[in-house]
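**Q** model_19.cif is reproduced in full below (mmCIF, C-alpha atoms).
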data_final
#
loop_
_atom_site.label_atom_id
_atom_site.label_comp_id
_atom_site.auth_asym_id
_atom_site.auth_seq_id
_atom_site.Cartn_x
_atom_site.Cartn_y
_atom_site.Cartn_z
CA MET R 5 117.62 116.61 83.47
CA ASN R 6 115.05 113.80 83.60
CA ILE R 7 116.41 112.68 86.96
CA VAL R 8 115.56 116.10 88.46
CA VAL R 9 111.95 115.86 87.31
CA VAL R 10 111.50 112.22 88.39
CA ALA R 11 113.20 112.67 91.79
CA THR R 12 111.24 115.85 92.53
CA ALA R 13 108.03 114.09 91.46
CA LEU R 14 108.81 111.28 93.92
CA PHE R 15 109.39 113.86 96.66
CA SER R 16 106.10 115.63 95.81
CA VAL R 17 104.11 112.38 95.78
CA GLY R 18 105.55 111.57 99.22
CA LEU R 19 104.73 115.07 100.46
CA TYR R 20 101.14 114.68 99.25
CA GLY R 21 100.97 111.39 101.17
CA VAL R 22 102.27 113.02 104.37
CA LEU R 23 99.63 115.75 104.04
CA THR R 24 96.66 113.53 103.21
CA ARG R 25 97.23 110.14 104.87
CA ARG R 26 95.35 109.59 108.12
CA ASP R 27 97.19 106.55 109.38
CA LEU R 28 100.54 107.04 111.17
CA ILE R 29 102.20 104.05 109.48
CA ALA R 30 101.13 105.35 106.06
CA VAL R 31 102.50 108.81 106.96
CA LEU R 32 105.80 107.16 107.91
CA ALA R 33 105.90 105.25 104.60
CA SER R 34 105.23 108.54 102.75
CA VAL R 35 108.14 110.16 104.62
CA GLU R 36 110.34 107.31 103.37
CA VAL R 37 109.19 108.08 99.82
CA MET R 38 110.16 111.76 100.30
CA LEU R 39 113.55 110.74 101.65
CA GLY R 40 114.09 108.34 98.75
CA GLY R 41 113.28 111.07 96.23
CA ALA R 42 115.74 113.45 97.90
CA SER R 43 118.55 110.85 97.92
CA VAL R 44 117.99 109.99 94.25
CA LEU R 45 118.13 113.71 93.41
CA LEU R 46 121.38 114.08 95.37
CA VAL R 47 123.01 111.03 93.78
CA GLY R 48 121.74 111.81 90.27
CA LEU R 49 122.95 115.42 90.38
CA ALA R 50 126.29 114.50 91.95
CA ARG R 51 126.89 111.92 89.22
CA THR R 52 125.94 114.14 86.29
CA ILE R 53 127.36 117.55 87.28
CA ASP R 54 131.07 118.00 86.63
CA MET R 55 132.44 119.65 89.78
CA PRO R 56 135.59 118.92 91.83
CA ALA R 57 133.57 117.93 94.89
CA THR R 58 131.52 115.36 92.95
CA GLN R 59 134.57 113.85 91.22
CA LEU R 60 136.22 112.75 94.51
CA PRO R 61 136.64 108.95 94.25
CA GLY R 62 134.04 107.26 96.43
CA GLY R 63 132.67 110.62 97.63
CA VAL R 64 129.08 110.22 96.44
CA GLU R 65 128.86 106.65 97.70
CA SER R 66 130.27 107.59 101.13
CA VAL R 67 127.74 110.39 101.58
CA GLY R 68 124.99 108.09 100.29
CA VAL R 69 125.89 105.39 102.82
CA LEU R 70 125.79 107.98 105.64
CA ILE R 71 122.33 109.09 104.42
CA VAL R 72 121.09 105.48 104.43
CA VAL R 73 122.40 105.04 108.01
CA LEU R 74 120.64 108.23 109.15
CA ALA R 75 117.43 107.15 107.41
CA ALA R 76 117.53 103.74 109.09
CA ALA R 77 117.94 105.35 112.53
CA GLU R 78 115.12 107.80 111.72
CA ALA R 79 112.79 105.00 110.62
CA ALA R 80 113.50 102.94 113.75
CA VAL R 81 112.87 105.84 116.15
CA ALA R 82 109.78 107.02 114.23
CA LEU R 83 108.30 103.52 114.28
CA ALA R 84 108.92 103.25 118.03
CA VAL R 85 107.11 106.56 118.51
CA VAL R 86 104.21 105.34 116.31
CA ILE R 87 103.88 102.11 118.31
CA ALA R 88 104.09 103.95 121.65
CA ALA R 89 101.49 106.51 120.51
CA ALA R 90 99.17 103.84 119.12
CA ARG R 91 99.38 101.92 122.38
CA ALA R 92 98.88 104.97 124.61
CA LEU R 93 96.01 106.48 122.61
CA SER R 94 94.46 103.22 121.31
CA THR R 95 94.43 104.57 117.75
CA SER R 96 96.89 105.04 114.90
CA ARG R 97 94.86 107.68 113.06
CA VAL R 98 96.35 111.15 113.17
CA ASP R 99 92.96 112.90 113.08
CA GLU R 100 91.92 111.11 116.27
CA MET R 101 95.07 112.16 118.14
CA THR R 102 93.88 115.48 119.48
CA GLU R 103 95.51 115.56 122.90
CA VAL R 104 99.11 116.29 123.79
CA GLY R 105 100.28 115.63 127.33
CA GLY R 106 103.25 114.59 129.39
CA MET X 4 121.94 100.03 70.55
CA ASN X 5 123.46 99.52 73.98
CA ASP X 6 122.69 103.13 74.93
CA THR X 7 119.09 102.65 73.86
CA ILE X 8 118.71 99.63 76.18
CA VAL X 9 120.25 101.60 79.07
CA GLN X 10 117.87 104.50 78.40
CA ILE X 11 114.89 102.11 78.34
CA MET X 12 116.08 100.62 81.63
CA TRP X 13 116.24 104.13 83.13
CA TRP X 14 112.65 104.83 82.14
CA VAL X 15 111.53 101.43 83.47
CA LEU X 16 113.20 102.29 86.79
CA ALA X 17 111.55 105.73 86.83
CA ALA X 18 108.14 104.22 86.08
CA GLY X 19 108.64 101.57 88.78
CA ALA X 20 109.69 104.13 91.39
CA LEU X 21 106.75 106.42 90.58
CA ALA X 22 104.29 103.48 90.57
CA GLY X 23 105.60 102.35 93.97
CA ALA X 24 105.37 105.88 95.39
CA VAL X 25 101.81 106.33 94.09
CA THR X 26 100.83 102.94 95.59
CA VAL X 27 102.24 104.00 98.98
CA VAL X 28 100.28 107.25 98.92
CA PHE X 29 96.96 106.11 97.44
CA SER X 30 96.52 102.43 98.36
CA ARG X 31 93.76 101.59 100.81
CA ASP X 32 95.11 98.11 101.55
CA VAL X 33 97.86 98.13 104.17
CA LEU X 34 99.79 95.18 102.69
CA ARG X 35 99.56 96.62 99.19
CA MET X 36 101.06 99.83 100.61
CA ALA X 37 103.98 97.87 102.11
CA LEU X 38 104.46 96.05 98.78
CA GLY X 39 104.46 99.39 96.95
CA LEU X 40 107.11 100.70 99.35
CA GLY X 41 109.21 97.59 98.66
CA GLY X 42 108.97 98.14 94.90
CA PHE X 43 109.87 101.80 95.35
CA LEU X 44 112.97 100.97 97.43
CA VAL X 45 114.14 98.31 94.93
CA ALA X 46 113.70 100.84 92.09
CA LEU X 47 115.89 103.29 94.05
CA ALA X 48 118.57 100.59 94.29
CA GLY X 49 118.27 100.24 90.50
CA PHE X 50 118.84 104.01 90.12
CA TYR X 51 122.00 103.72 92.22
CA MET X 52 123.20 100.91 89.95
CA TYR X 53 122.44 103.06 86.90
CA TYR X 54 124.58 105.88 88.31
CA ALA X 55 127.49 103.41 88.81
CA LEU X 56 127.16 103.19 92.60
CA PRO X 57 127.01 99.41 93.16
CA PHE X 58 128.05 99.59 96.82
CA LEU X 59 125.30 102.10 97.62
CA ALA X 60 122.77 99.91 95.76
CA THR X 61 123.82 96.93 97.88
CA VAL X 62 123.52 98.95 101.09
CA GLN X 63 120.10 100.17 99.93
CA VAL X 64 118.84 96.62 99.40
CA PHE X 65 120.31 95.33 102.68
CA VAL X 66 119.33 98.22 104.96
CA TYR X 67 116.13 99.49 103.35
CA VAL X 68 114.49 96.47 101.73
CA GLY X 69 115.88 94.02 104.29
CA GLY X 70 115.65 96.24 107.38
CA VAL X 71 113.36 99.25 107.18
CA LEU X 72 110.66 97.48 105.15
CA VAL X 73 110.57 94.57 107.62
CA LEU X 74 110.44 97.13 110.44
CA ILE X 75 107.41 98.78 108.83
CA LEU X 76 105.75 95.37 108.38
CA PHE X 77 106.31 94.74 112.10
CA GLY X 78 104.78 98.16 112.82
CA ILE X 79 101.71 97.25 110.73
CA MET X 80 101.40 93.96 112.63
CA LEU X 81 101.62 95.68 116.03
CA VAL X 82 99.45 98.71 115.32
CA HIS X 83 96.69 97.35 113.08
CA ARG X 84 94.31 94.82 114.52
CA SER X 85 92.32 93.17 111.74
CA GLU X 86 88.72 92.32 112.44
CA GLY X 87 87.71 88.90 111.16
CA ASP X 88 89.17 87.89 107.80
CA ALA X 89 89.29 91.41 106.37
CA ARG X 90 92.67 93.14 106.17
CA PRO X 91 92.83 96.51 107.92
CA GLY X 92 92.16 99.44 105.58
CA LEU X 93 93.82 102.84 105.29
CA SER X 94 91.97 106.07 104.71
CA SER X 95 93.11 109.38 103.26
CA ARG X 96 91.77 112.90 103.22
CA HIS X 97 92.41 114.05 99.67
CA ASP X 98 92.02 117.79 99.23
CA PRO X 99 93.06 120.31 96.57
CA GLY X 100 95.23 122.31 99.00
CA SER X 101 97.59 119.40 99.63
CA ALA X 102 97.74 118.66 95.90
CA ALA X 103 98.54 122.32 95.22
CA VAL X 104 101.40 122.25 97.77
CA ALA X 105 102.85 119.06 96.23
CA VAL X 106 102.58 120.36 92.64
CA GLY X 107 103.97 123.74 93.75
CA ILE X 108 107.05 122.08 95.30
CA LEU X 109 107.51 120.05 92.10
CA ALA X 110 107.31 123.17 89.92
CA LEU X 111 109.53 125.24 92.25
CA VAL X 112 112.38 122.72 92.59
CA THR X 113 112.31 121.76 88.91
CA SER X 114 112.38 125.39 87.77
CA MET X 115 115.20 126.21 90.22
CA LEU X 116 117.32 123.29 89.01
CA TRP X 117 116.45 123.77 85.33
CA PRO X 118 119.60 125.86 84.53
CA LEU X 119 121.72 122.85 85.55
CA ARG X 120 120.84 121.09 82.29
CA ASP X 121 123.66 123.00 80.60
CA VAL X 122 126.38 121.62 82.92
CA MET X 123 125.23 118.00 83.11
CA THR X 124 127.65 115.40 81.74
CA GLU X 125 127.89 111.68 81.15
CA ARG X 126 127.89 109.49 84.24
CA PRO X 127 131.37 108.43 85.44
CA ALA X 128 132.45 104.89 86.27
CA SER X 129 132.32 103.41 89.75
CA ALA X 130 135.21 104.20 92.06
CA GLY X 131 135.14 100.76 93.72
CA THR X 132 134.88 99.92 97.40
CA LYS X 133 138.54 100.70 98.19
CA ALA X 134 138.03 104.40 97.46
CA ILE X 135 134.92 104.41 99.68
CA ALA X 136 136.84 102.73 102.51
CA ASP X 137 139.74 105.19 102.12
CA LEU X 138 137.34 108.12 102.32
CA LEU X 139 135.07 106.83 105.10
CA LEU X 140 138.02 105.78 107.29
CA GLY X 141 140.10 108.80 106.27
CA ASP X 142 138.68 112.27 105.72
CA LEU X 143 135.13 111.28 106.64
CA LEU X 144 136.10 109.36 109.80
CA PRO X 145 134.37 111.88 112.16
CA HIS X 146 131.16 111.53 110.14
CA PHE X 147 131.49 107.75 110.18
CA GLU X 148 131.99 107.70 113.95
CA ALA X 149 129.11 110.15 114.45
CA ALA X 150 126.84 107.88 112.38
CA GLY X 151 127.83 104.94 114.58
CA ALA X 152 127.15 106.92 117.76
CA LEU X 153 123.80 108.04 116.31
CA LEU X 154 122.83 104.43 115.61
CA LEU X 155 123.65 103.51 119.22
CA ILE X 156 121.60 106.45 120.55
CA ALA X 157 118.71 105.50 118.23
CA LEU X 158 118.88 101.90 119.48
CA VAL X 159 118.65 103.01 123.12
CA ALA X 160 115.88 105.51 122.25
CA VAL X 161 113.81 102.84 120.50
CA ILE X 162 114.09 100.51 123.52
CA VAL X 163 113.10 103.32 125.90
CA ILE X 164 110.20 104.61 123.75
CA ALA X 165 108.66 101.27 122.76
CA GLY X 166 109.82 99.30 125.79
CA GLY X 167 106.39 98.86 127.31
CA ASP X 168 104.59 100.09 130.42
CA ASP X 169 106.07 97.69 132.97
CA ARG X 170 109.03 99.91 133.78
#
Could you write out this structure as structure tokens?
**A**
Amino acid sequence: MNIVVVATALFSVGLYGVLTRRDLIAVLASVEVMLGGASVLLVGLARTIDMPATQLPGGVESVGVLIVVLAAAEAAVALAVVIAAARALSTSRVDEMTEVGG
Amino acid sequence: MNDTIVQIMWWVLAAGALAGAVTVVFSRDVLRMALGLGGFLVALAGFYMYYALPFLATVQVFVYVGGVLVLILFGIMLVHRSEGDARPGLSSRHDPGSAAVAVGILALVTSMLWPLRDVMTERPASAGTKAIADLLLGDLLPHFEAAGALLLIALVAVIVIAGGDDR
């Protein structure tokens, strides 16, 4: 049960960072913390709950690898967006980005 | 005795992960934040090892610590221009509303998952990489191919988005 509390605490800390950080890179790092907390919760629950789906050999690891791949793609695209936004608007602070345009 | 050491290791991992997460969220120094994120990601790899998932722990270290963290360091280099010798600082806007949302999510998820404590068991042993290969290249082949296609699309998207203005 400890893993549920710790993983959810990690997710909550990351969520607090997303809500309060002003710098885009720091927001992105906080999103990574949220994602890490969610994956630890998934893996921890899948390894400790006795269900047919979680007892499939290699099942948890396969899903975990797919999650890591998705997270890597997400981080790369998000960082490209951050760099493009910082270059276009000459700032990386979210509270100074007040205009949206095409 | 052995179980006690494993339990202590689990708590060390939990403390390390939480310390890294708190550093990411509260640190004002941009490099300290990146270091905190690195510690957090390594602690996650330790959790995967604890739950007998050595292949996932290896992937975590290679892709996250070796790839995503370096990517974020590159982002810091490109976005933050330091003035003089001082390292660029990060600011936050701490307010009770955000803290209430975070604590509320913590309480909600924990209370929803609390009944699971009755069905939790001991952790099983690792299945080995052959079982993972059989699954990923067998039943999960569509997912595996979709992940590969997604990586390719992400690669093209990154080049298009951050490619510069001289197009």
**Q** Looking at X:Val161, X:Ala102, X:Thr132, X:Trp14, which one is nearest to Val85 of chain R, with distances taken over all atoms listed in the file?
**A** X:Val161
**Q** Tell me as a ChimeraX atom specification which residues belonging to chain X come within 7 Å of chain R, counting all atoms listed in the file.
**A** /X:17,21,24-25,27-28,54,56,59,71,78-79,82,93-97,101-102,105-106,108-109,112-113,120,122-127,130,134-135,138-139,150,154,157,160-161,164-165
**Q** In Å, rounded to a single decimal, give me how far atom CA of Thr61 of chain X is from atom CA of His146 of chain X.
**A** 20.4 Å
**Q** If I take atom CA of Val62 of chain X and atom CA of Leu81 of chain X, how far is one from the other in Å, to one decimal?
**A**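 Between atom CA of Val62 of chain X and atom CA of Leu81 of chain X the gap is 26.7 Å.
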